[in-house]
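Source file: data29.pdb. Holds: PDB, C-alpha atoms.
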```pdb
MODEL        1
ATOM      1  CA  MET Y  20       7.771  63.062  11.246
ATOM      2  CA  THR Y  21       8.739  63.896  14.753
ATOM      3  CA  MET Y  22       6.313  64.250  17.605
ATOM      4  CA  PRO Y  23       7.069  64.225  21.339
ATOM      5  CA  PRO Y  24       6.279  61.086  23.323
ATOM      6  CA  ALA Y  25       2.579  60.848  24.110
ATOM      7  CA  SER Y  26       3.056  60.684  27.856
ATOM      8  CA  GLY Y  27       5.803  61.130  30.397
ATOM      9  CA  SER Y  28       8.915  63.190  29.939
ATOM     10  CA  PRO Y  29      10.779  63.295  26.616
ATOM     11  CA  GLY Y  30      12.953  60.247  26.249
ATOM     12  CA  ALA Y  31      10.927  58.252  28.802
ATOM     13  CA  GLU Y  32      10.024  55.659  26.177
ATOM     14  CA  SER Y  33      12.337  52.741  25.489
ATOM     15  CA  PRO Y  34      14.267  52.715  22.202
ATOM     16  CA  LEU Y  35      11.864  50.039  20.925
ATOM     17  CA  VAL Y  36       8.778  52.108  21.759
ATOM     18  CA  GLN Y  37      10.389  55.177  20.176
ATOM     19  CA  ALA Y  38      11.081  53.175  16.999
ATOM     20  CA  LEU Y  39       7.539  51.794  17.031
ATOM     21  CA  GLN Y  40       6.084  55.295  17.479
ATOM     22  CA  ALA Y  41       8.087  56.533  14.474
ATOM     23  CA  LEU Y  42       6.892  53.512  12.485
ATOM     24  CA  LEU Y  43       3.337  54.267  13.558
ATOM     25  CA  ASP Y  44       3.729  57.827  12.261
ATOM     26  CA  ALA Y  45       4.933  56.412   8.932
ATOM     27  CA  GLU Y  46       2.044  53.940   8.785
ATOM     28  CA  HIS Y  47      -0.489  56.716   9.470
ATOM     29  CA  ALA Y  48       1.046  58.698   6.618
ATOM     30  CA  ALA Y  49       1.084  55.635   4.337
ATOM     31  CA  VAL Y  50      -2.625  55.039   4.935
ATOM     32  CA  TYR Y  51      -3.295  58.654   3.989
ATOM     33  CA  GLY Y  52      -0.922  58.509   1.018
ATOM     34  CA  TYR Y  53      -2.410  55.336  -0.408
ATOM     35  CA  GLY Y  54      -5.776  57.086  -0.481
ATOM     36  CA  VAL Y  55      -4.156  59.579  -2.858
ATOM     37  CA  VAL Y  56      -2.444  56.804  -4.834
ATOM     38  CA  GLY Y  57      -5.762  55.006  -5.295
ATOM     39  CA  ALA Y  58      -7.523  58.185  -6.364
ATOM     40  CA  ARG Y  59      -4.909  58.849  -9.069
ATOM     41  CA  SER Y  60      -4.638  55.253 -10.302
ATOM     42  CA  ASP Y  61      -6.822  53.037 -12.434
ATOM     43  CA  GLY Y  62      -7.178  49.362 -13.290
ATOM     44  CA  THR Y  63      -4.709  47.019 -11.662
ATOM     45  CA  ALA Y  64      -2.759  49.904 -10.120
ATOM     46  CA  ARG Y  65      -5.888  50.990  -8.268
ATOM     47  CA  ASP Y  66      -6.397  47.411  -7.065
ATOM     48  CA  ARG Y  67      -2.776  47.274  -5.868
ATOM     49  CA  ALA Y  68      -3.240  50.613  -4.103
ATOM     50  CA  ARG Y  69      -6.360  49.293  -2.329
ATOM     51  CA  THR Y  70      -4.484  46.159  -1.241
ATOM     52  CA  ALA Y  71      -1.576  48.286   0.044
ATOM     53  CA  TYR Y  72      -4.002  50.644   1.818
ATOM     54  CA  ASP Y  73      -5.586  47.685   3.624
ATOM     55  CA  ALA Y  74      -2.173  46.200   4.474
ATOM     56  CA  HIS Y  75      -0.920  49.474   5.954
ATOM     57  CA  ARG Y  76      -4.110  49.907   7.970
ATOM     58  CA  ALA Y  77      -3.674  46.405   9.374
ATOM     59  CA  ARG Y  78       0.017  46.994  10.139
ATOM     60  CA  ARG Y  79      -0.809  50.353  11.751
ATOM     61  CA  ASP Y  80      -3.254  48.548  14.035
ATOM     62  CA  GLU Y  81      -0.649  45.886  14.883
ATOM     63  CA  VAL Y  82       1.966  48.542  15.648
ATOM     64  CA  GLU Y  83      -0.488  50.316  17.948
ATOM     65  CA  GLN Y  84      -0.982  47.042  19.842
ATOM     66  CA  LEU Y  85       2.782  46.504  20.066
ATOM     67  CA  ILE Y  86       3.189  49.981  21.560
ATOM     68  CA  VAL Y  87       0.438  49.311  24.106
ATOM     69  CA  GLY Y  88       2.053  45.959  24.910
ATOM     70  CA  GLN Y  89       5.297  47.812  25.675
ATOM     71  CA  GLY Y  90       3.491  50.201  28.034
ATOM     72  CA  GLY Y  91       3.306  53.111  25.590
ATOM     73  CA  ARG Y  92       0.421  55.160  24.310
ATOM     74  CA  PRO Y  93       0.158  55.125  20.497
ATOM     75  CA  ARG Y  94       0.200  58.515  18.837
ATOM     76  CA  ALA Y  95      -2.811  59.507  16.796
ATOM     77  CA  SER Y  96      -2.542  60.312  13.125
ATOM     78  CA  ALA Y  97      -2.125  63.914  12.083
ATOM     79  CA  PRO Y  98      -5.305  65.660  10.929
ATOM     80  CA  ALA Y  99      -3.763  66.167   7.475
ATOM     81  CA  TYR Y 100      -0.569  65.298   5.597
ATOM     82  CA  GLY Y 101       1.409  67.149   2.982
ATOM     83  CA  LEU Y 102       2.613  65.192  -0.014
ATOM     84  CA  PRO Y 103       6.291  65.276  -1.009
ATOM     85  CA  PHE Y 104       5.352  66.268  -4.594
ATOM     86  CA  ALA Y 105       2.266  66.908  -6.715
ATOM     87  CA  VAL Y 106       0.369  63.762  -7.649
ATOM     88  CA  GLY Y 107      -1.632  64.367 -10.796
ATOM     89  CA  THR Y 108      -1.071  61.247 -12.907
ATOM     90  CA  GLY Y 109      -0.865  57.494 -12.539
ATOM     91  CA  GLY Y 110       2.916  57.744 -12.865
ATOM     92  CA  ASP Y 111       3.029  60.267 -10.037
ATOM     93  CA  ALA Y 112       0.830  57.938  -7.971
ATOM     94  CA  ALA Y 113       3.224  55.019  -8.530
ATOM     95  CA  ARG Y 114       6.145  57.245  -7.549
ATOM     96  CA  LEU Y 115       4.292  58.273  -4.371
ATOM     97  CA  ALA Y 116       3.573  54.622  -3.541
ATOM     98  CA  ALA Y 117       7.278  53.781  -3.873
ATOM     99  CA  HIS Y 118       8.095  56.798  -1.701
ATOM    100  CA  LEU Y 119       5.610  55.645   0.952
ATOM    101  CA  GLU Y 120       7.105  52.158   1.032
ATOM    102  CA  GLU Y 121      10.647  53.535   1.287
ATOM    103  CA  GLY Y 122       9.643  55.752   4.204
ATOM    104  CA  VAL Y 123       7.983  52.877   6.032
ATOM    105  CA  ALA Y 124      11.003  50.653   5.322
ATOM    106  CA  ALA Y 125      13.348  53.224   6.860
ATOM    107  CA  HIS Y 126      11.396  53.150  10.114
ATOM    108  CA  LEU Y 127      11.065  49.366   9.995
ATOM    109  CA  ALA Y 128      14.858  49.107   9.835
ATOM    110  CA  ASP Y 129      14.966  51.064  13.095
ATOM    111  CA  VAL Y 130      12.465  48.671  14.675
ATOM    112  CA  VAL Y 131      14.534  45.687  13.521
ATOM    113  CA  ALA Y 132      17.575  47.271  15.164
ATOM    114  CA  SER Y 133      15.681  47.925  18.426
ATOM    115  CA  ALA Y 134      13.667  44.729  18.751
ATOM    116  CA  GLU Y 135      14.578  41.218  19.832
ATOM    117  CA  GLY Y 136      13.190  37.739  19.296
ATOM    118  CA  GLU Y 137       9.803  37.410  17.647
ATOM    119  CA  ARG Y 138       9.308  41.191  17.428
ATOM    120  CA  ARG Y 139      12.547  41.458  15.436
ATOM    121  CA  LYS Y 140      11.452  38.615  13.135
ATOM    122  CA  THR Y 141       8.098  40.308  12.565
ATOM    123  CA  ALA Y 142       9.732  43.671  11.850
ATOM    124  CA  ALA Y 143      12.183  42.015   9.443
ATOM    125  CA  ARG Y 144       9.272  40.340   7.622
ATOM    126  CA  TRP Y 145       7.481  43.694   7.411
ATOM    127  CA  LEU Y 146      10.681  45.321   6.122
ATOM    128  CA  ARG Y 147      10.900  42.669   3.405
ATOM    129  CA  GLU Y 148       7.252  43.303   2.463
ATOM    130  CA  ALA Y 149       7.824  47.063   2.246
ATOM    131  CA  ALA Y 150      10.964  46.569   0.150
ATOM    132  CA  LEU Y 151       9.136  44.257  -2.261
ATOM    133  CA  ALA Y 152       6.190  46.649  -2.491
ATOM    134  CA  GLY Y 153       8.586  49.502  -3.244
ATOM    135  CA  VAL Y 154      10.164  47.449  -6.026
ATOM    136  CA  ALA Y 155       6.750  46.652  -7.470
ATOM    137  CA  TRP Y 156       5.766  50.329  -7.586
ATOM    138  CA  ARG Y 157       9.177  51.640  -8.646
ATOM    139  CA  GLY Y 158      10.009  48.875 -11.090
ATOM    140  CA  SER Y 159      13.577  48.595  -9.793
ATOM    141  CA  THR Y 160      15.410  47.665  -6.636
ATOM    142  CA  VAL Y 161      17.515  49.655  -4.219
ATOM    143  CA  ALA Y 162      20.417  48.325  -2.192
ATOM    144  CA  PHE Y 163      19.768  48.067   1.533
ATOM    145  CA  PRO Y 164      16.038  48.974   1.575
ATOM    146  CA  GLY Y 165      15.209  50.927   4.698
ATOM    147  CA  LEU Y 166      18.773  52.205   5.050
ATOM    148  CA  PRO Y 167      18.990  55.235   2.734
ATOM    149  CA  GLU Y 168      22.329  56.287   4.203
ATOM    150  CA  GLN Y 169      23.790  53.004   2.883
ATOM    151  CA  THR Y 170      22.385  53.424  -0.630
ATOM    152  CA  GLY Y 171      23.483  56.960  -1.320
ATOM    153  CA  GLN Y 172      19.829  58.014  -1.544
ATOM    154  CA  THR Y 173      19.150  61.622  -0.760
ATOM    155  CA  GLY Y 174      16.129  63.826  -0.848
ATOM    156  CA  SER Y 175      12.718  63.387   0.702
ATOM    157  CA  THR Y 176      12.627  59.614   0.284
ATOM    158  CA  ALA Y 177      14.754  59.136   3.361
ATOM    159  CA  SER Y 178      12.624  61.366   5.557
ATOM    160  CA  GLY Y 179       9.506  59.226   5.456
ATOM    161  CA  PRO Y 180       6.333  59.004   3.500
ATOM    162  CA  ALA Y 181       4.630  62.308   4.157
ATOM    163  CA  VAL Y 182       4.594  64.918   6.861
ATOM    164  CA  PRO Y 183       1.683  66.294   8.827
ATOM    165  CA  ALA Y 184       0.506  69.503   7.218
ATOM    166  CA  GLY Y 185       2.507  72.370   8.674
ATOM    167  CA  ALA Y 186       5.185  70.111  10.216
ATOM    168  CA  ALA Y 187       8.821  69.656   9.317
ATOM    169  CA  ALA Y 188      10.294  66.420   8.038
ATOM    170  CA  ASP Y 189      11.778  63.963  10.523
ATOM    171  CA  PRO Y 190      15.108  65.461  11.648
ATOM    172  CA  GLY Y 191      16.222  61.987  12.652
ATOM    173  CA  ARG Y 192      16.401  60.978   8.999
ATOM    174  CA  PRO Y 193      18.725  62.391   6.350
ATOM    175  CA  SER Y 194      16.951  64.586   3.830
TER     176      SER Y 194
ENDMDL
END
```

Target encoding C-alpha coordinates, full file:
Amino acid sequence: MTMPPASGSPGAESPLVQALQALLDAEHAAVYGYGVVGARSDGTARDRARTAYDAHRARRDEVEQLIVGQGGRPRASAPAYGLPFAVGTGGDAARLAAHLEEGVAAHLADVVASAEGERRKTAARWLREAALAGVAWRGSTVAFPGLPEQTGQTGSTASGPAVPAGAAADPGRPS
(Lines of atoms letter the chains of each structure in order from A and count residues from 1; the text may use other names and numbers.)
(Lines give C-alpha, C1' and ligand atoms only; values in the text may rest on other atoms or scores of the structure.)
Protein backbone atom coordinates (compact mmCIF):
# COMPACT_ATOMS: atom_id res chain seq x y z
CA MET A 1 0.00 0.00 0.00
CA THR A 2 1.48 3.28 -0.99
CA MET A 3 0.35 6.61 0.36
CA PRO A 4 2.20 9.94 0.21
CA PRO A 5 3.92 11.20 3.35
CA ALA A 6 1.44 12.73 5.76
CA SER A 7 3.14 16.10 5.89
CA GLY A 8 5.89 17.97 4.10
CA SER A 9 7.06 17.34 0.59
CA PRO A 10 7.34 13.81 -0.83
CA GLY A 11 10.53 12.20 0.33
CA ALA A 12 10.88 14.56 3.31
CA GLU A 13 10.68 11.65 5.74
CA SER A 14 13.81 9.74 6.70
CA PRO A 15 14.22 6.19 5.35
CA LEU A 16 13.36 4.87 8.82
CA VAL A 17 10.13 6.89 9.02
CA GLN A 18 9.22 5.80 5.48
CA ALA A 19 9.77 2.15 6.46
CA LEU A 20 7.76 2.65 9.65
CA GLN A 21 4.91 4.29 7.71
CA ALA A 22 4.81 1.32 5.32
CA LEU A 23 4.82 -1.04 8.32
CA LEU A 24 2.02 0.98 9.87
CA ASP A 25 -0.01 0.57 6.67
CA ALA A 26 0.57 -3.20 6.86
CA GLU A 27 -0.41 -3.29 10.54
CA HIS A 28 -3.63 -1.36 9.83
CA ALA A 29 -4.44 -3.90 7.12
CA ALA A 30 -3.54 -6.82 9.41
CA VAL A 31 -5.90 -5.56 12.10
CA TYR A 32 -8.67 -5.38 9.51
CA GLY A 33 -7.74 -8.76 8.02
CA TYR A 34 -7.68 -10.55 11.35
CA GLY A 35 -11.25 -9.40 11.90
CA VAL A 36 -12.12 -11.38 8.77
CA VAL A 37 -9.97 -14.33 9.86
CA GLY A 38 -11.74 -14.46 13.22
CA ALA A 39 -15.16 -14.25 11.61
CA ARG A 40 -14.38 -17.23 9.35
CA SER A 41 -12.67 -19.36 12.00
CA ASP A 42 -13.89 -21.42 14.92
CA GLY A 43 -12.50 -23.07 18.03
CA THR A 44 -8.78 -22.69 18.59
CA ALA A 45 -8.29 -20.97 15.23
CA ARG A 46 -10.69 -18.23 16.32
CA ASP A 47 -8.77 -17.89 19.60
CA ARG A 48 -5.48 -17.63 17.68
CA ALA A 49 -7.04 -15.02 15.38
CA ARG A 50 -8.17 -12.97 18.40
CA THR A 51 -4.67 -13.17 19.91
CA ALA A 52 -3.12 -12.09 16.59
CA TYR A 53 -5.67 -9.27 16.23
CA ASP A 54 -4.72 -7.96 19.68
CA ALA A 55 -0.99 -8.32 18.94
CA HIS A 56 -1.27 -6.39 15.67
CA ARG A 57 -3.31 -3.65 17.34
CA ALA A 58 -0.63 -3.32 20.01
CA ARG A 59 2.18 -3.30 17.43
CA ARG A 60 0.28 -0.75 15.32
CA ASP A 61 0.10 1.51 18.38
CA GLU A 62 3.83 1.03 19.06
CA VAL A 63 4.70 1.82 15.44
CA GLU A 64 2.62 4.99 15.61
CA GLN A 65 4.61 6.06 18.69
CA LEU A 66 7.90 5.27 16.93
CA ILE A 67 6.86 7.46 14.00
CA VAL A 68 5.93 10.32 16.33
CA GLY A 69 9.24 9.85 18.15
CA GLN A 70 11.03 10.29 14.81
CA GLY A 71 9.14 13.53 14.11
CA GLY A 72 6.62 12.01 11.69
CA ARG A 73 2.86 11.98 11.63
CA PRO A 74 1.40 8.45 11.54
CA ARG A 75 -0.93 7.74 8.66
CA ALA A 76 -4.48 6.76 9.47
CA SER A 77 -5.92 3.45 8.40
CA ALA A 78 -7.87 3.28 5.17
CA PRO A 79 -11.65 3.37 5.53
CA ALA A 80 -11.88 -0.10 3.97
CA TYR A 81 -9.56 -2.82 2.67
CA GLY A 82 -9.88 -5.27 -0.18
CA LEU A 83 -8.90 -8.86 0.48
CA PRO A 84 -6.42 -10.62 -1.81
CA PHE A 85 -8.87 -13.52 -2.32
CA ALA A 86 -12.32 -14.64 -1.19
CA VAL A 87 -12.43 -15.88 2.39
CA GLY A 88 -15.36 -18.22 2.85
CA THR A 89 -13.96 -21.12 4.88
CA GLY A 90 -11.68 -21.77 7.82
CA GLY A 91 -8.98 -22.88 5.38
CA ASP A 92 -9.29 -19.61 3.48
CA ALA A 93 -9.07 -17.75 6.80
CA ALA A 94 -5.84 -19.57 7.72
CA ARG A 95 -4.43 -18.76 4.28
CA LEU A 96 -5.36 -15.08 4.77
CA ALA A 97 -3.69 -15.06 8.20
CA ALA A 98 -0.48 -16.43 6.68
CA HIS A 99 -0.73 -13.82 3.93
CA LEU A 100 -1.16 -11.05 6.50
CA GLU A 101 1.89 -12.19 8.45
CA GLU A 102 4.00 -12.42 5.28
CA GLY A 103 3.01 -8.89 4.29
CA VAL A 104 3.86 -7.51 7.72
CA ALA A 105 7.16 -9.44 7.70
CA ALA A 106 8.12 -7.89 4.36
CA HIS A 107 7.73 -4.40 5.80
CA LEU A 108 9.45 -5.38 9.04
CA ALA A 109 12.48 -6.47 7.02
CA ASP A 110 12.61 -2.94 5.61
CA VAL A 111 12.47 -1.48 9.12
CA VAL A 112 15.29 -3.80 10.23
CA ALA A 113 17.35 -2.55 7.29
CA SER A 114 16.62 1.11 8.11
CA ALA A 115 16.87 1.08 11.90
CA GLU A 116 19.81 1.00 14.28
CA GLY A 117 20.41 -0.06 17.86
CA GLU A 118 17.40 -0.91 19.99
CA ARG A 119 14.93 -0.05 17.21
CA ARG A 120 16.64 -2.60 14.95
CA LYS A 121 16.53 -5.23 17.72
CA THR A 122 12.83 -4.57 18.28
CA ALA A 123 12.07 -4.77 14.55
CA ALA A 124 14.06 -8.01 14.28
CA ARG A 125 12.08 -9.47 17.20
CA TRP A 126 8.83 -8.42 15.53
CA LEU A 127 10.02 -9.95 12.25
CA ARG A 128 10.70 -13.23 14.06
CA GLU A 129 7.21 -13.11 15.62
CA ALA A 130 5.57 -12.50 12.23
CA ALA A 131 7.58 -15.32 10.64
CA LEU A 132 6.59 -17.75 13.40
CA ALA A 133 2.95 -16.68 13.18
CA GLY A 134 3.03 -17.22 9.42
CA VAL A 135 4.43 -20.72 9.95
CA ALA A 136 1.72 -21.49 12.49
CA TRP A 137 -1.05 -20.44 10.08
CA ARG A 138 0.55 -21.90 6.95
CA GLY A 139 1.86 -25.08 8.52
CA SER A 140 5.21 -24.76 6.75
CA THR A 141 8.19 -22.45 6.66
CA VAL A 142 9.57 -20.16 3.99
CA ALA A 143 13.21 -19.26 3.52
CA PHE A 144 14.08 -15.67 4.38
CA PRO A 145 10.72 -14.54 5.83
CA GLY A 146 10.07 -10.93 4.97
CA LEU A 147 12.28 -11.09 1.87
CA PRO A 148 10.06 -12.56 -0.87
CA GLU A 149 12.58 -11.68 -3.57
CA GLN A 150 15.03 -14.09 -1.87
CA THR A 151 12.54 -16.96 -1.64
CA GLY A 152 11.28 -16.97 -5.19
CA GLN A 153 7.80 -16.07 -3.91
CA THR A 154 5.61 -14.27 -6.37
CA GLY A 155 2.05 -13.10 -6.39
CA SER A 156 0.15 -10.97 -3.93
CA THR A 157 1.96 -12.29 -0.86
CA ALA A 158 4.89 -10.01 -1.49
CA SER A 159 2.78 -6.89 -1.89
CA GLY A 160 1.46 -6.81 1.66
CA PRO A 161 -1.54 -7.97 3.56
CA ALA A 162 -4.40 -6.13 1.93
CA VAL A 163 -4.92 -2.92 0.04
CA PRO A 164 -7.26 -0.06 0.78
CA ALA A 165 -10.43 -0.49 -1.24
CA GLY A 166 -9.92 1.14 -4.62
CA ALA A 167 -6.11 1.40 -4.25
CA ALA A 168 -3.35 -0.39 -6.08
CA ALA A 169 -0.90 -2.75 -4.42
CA ASP A 170 2.39 -1.38 -3.13
CA PRO A 171 4.56 -0.71 -6.20
CA GLY A 172 7.61 -0.90 -3.98
CA ARG A 173 7.07 -4.63 -3.53
CA PRO A 174 7.24 -7.30 -6.23
CA SER A 175 3.85 -8.70 -7.14

Residues selected by the PyMOL selection byres ((chain Y and resi 58) around 10), written as a ChimeraX atom specification: /Y:52-57,59-61,65,68-69,106-109,112

Residue by residue, what does the PyMOL selection byres ((chain Y and resi 129) around 9) grab here? Present the result as an mmCIF file with C-alpha atoms, in the frame of the given file.
```cif
data_model
loop_
_atom_site.group_PDB
_atom_site.id
_atom_site.type_symbol
_atom_site.label_atom_id
_atom_site.label_comp_id
_atom_site.auth_asym_id
_atom_site.auth_seq_id
_atom_site.Cartn_x
_atom_site.Cartn_y
_atom_site.Cartn_z
ATOM 1 C CA LEU Y 35 11.864 50.039 20.925
ATOM 2 C CA ALA Y 38 11.081 53.175 16.999
ATOM 3 C CA LEU Y 39 7.539 51.794 17.031
ATOM 4 C CA ALA Y 41 8.087 56.533 14.474
ATOM 5 C CA LEU Y 42 6.892 53.512 12.485
ATOM 6 C CA ALA Y 124 11.003 50.653 5.322
ATOM 7 C CA ALA Y 125 13.348 53.224 6.860
ATOM 8 C CA HIS Y 126 11.396 53.150 10.114
ATOM 9 C CA LEU Y 127 11.065 49.366 9.995
ATOM 10 C CA ALA Y 128 14.858 49.107 9.835
ATOM 11 C CA VAL Y 130 12.465 48.671 14.675
ATOM 12 C CA VAL Y 131 14.534 45.687 13.521
ATOM 13 C CA ALA Y 132 17.575 47.271 15.164
ATOM 14 C CA SER Y 133 15.681 47.925 18.426
ATOM 15 C CA ALA Y 134 13.667 44.729 18.751
ATOM 16 C CA GLY Y 165 15.209 50.927 4.698
ATOM 17 C CA LEU Y 166 18.773 52.205 5.050
#
```

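Atom CA of Y:Pro34 lies 27.6 Å from atom CA of Y:Ala71.
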
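You can rank Y:Ala152, Y:Arg94, Y:Val82, Y:Val123 by their closest distance to Y:Arg67 using only C-alpha atoms, and at the top of that list sits Y:Ala152.
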
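Considering all atoms listed in the file, the residue among Y:Arg138, Y:Glu81, Y:Gly62, Y:Ala49 positioned nearest to Y:Pro93 is Y:Glu81.
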
Nearest to Y:Glu121 by atom-to-atom distance, counting all atoms listed in the file, from Y:Ala45, Y:Thr141, Y:Pro98, Y:His75: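 Ranking Y:Ala45, Y:Thr141, Y:Pro98, Y:His75 by distance to Y:Glu121, first place goes to Y:Ala45.
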
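When only C-alpha atoms are used to measure the gap to Y:Trp145, the shortest distance among Y:Ala74, Y:Ala95, Y:Leu85, Y:Val50 belongs to Y:Ala74.
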
Point-to-point distance from atom CA of Y:Glu46 to atom CA of Y:His118, Å rounded to tenths: 12.4 Å

Who sits within 8 Å of Y:Asp44, all atoms listed in the file, same chain under 3 positions skipped, as a ChimeraX atom specification: /Y:20,40-41,47-48,94,96

Residue nearest Y:Thr70 - candidates Y:Ala116, Y:Leu146, Y:Leu102, Y:Val154, atoms counted: all atoms listed in the file: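 Smallest separation from Y:Thr70 among the options: Y:Ala116.
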
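Separating atom CA of Y:Asp111 from atom CA of Y:Arg78 is a distance of 24.3 Å.
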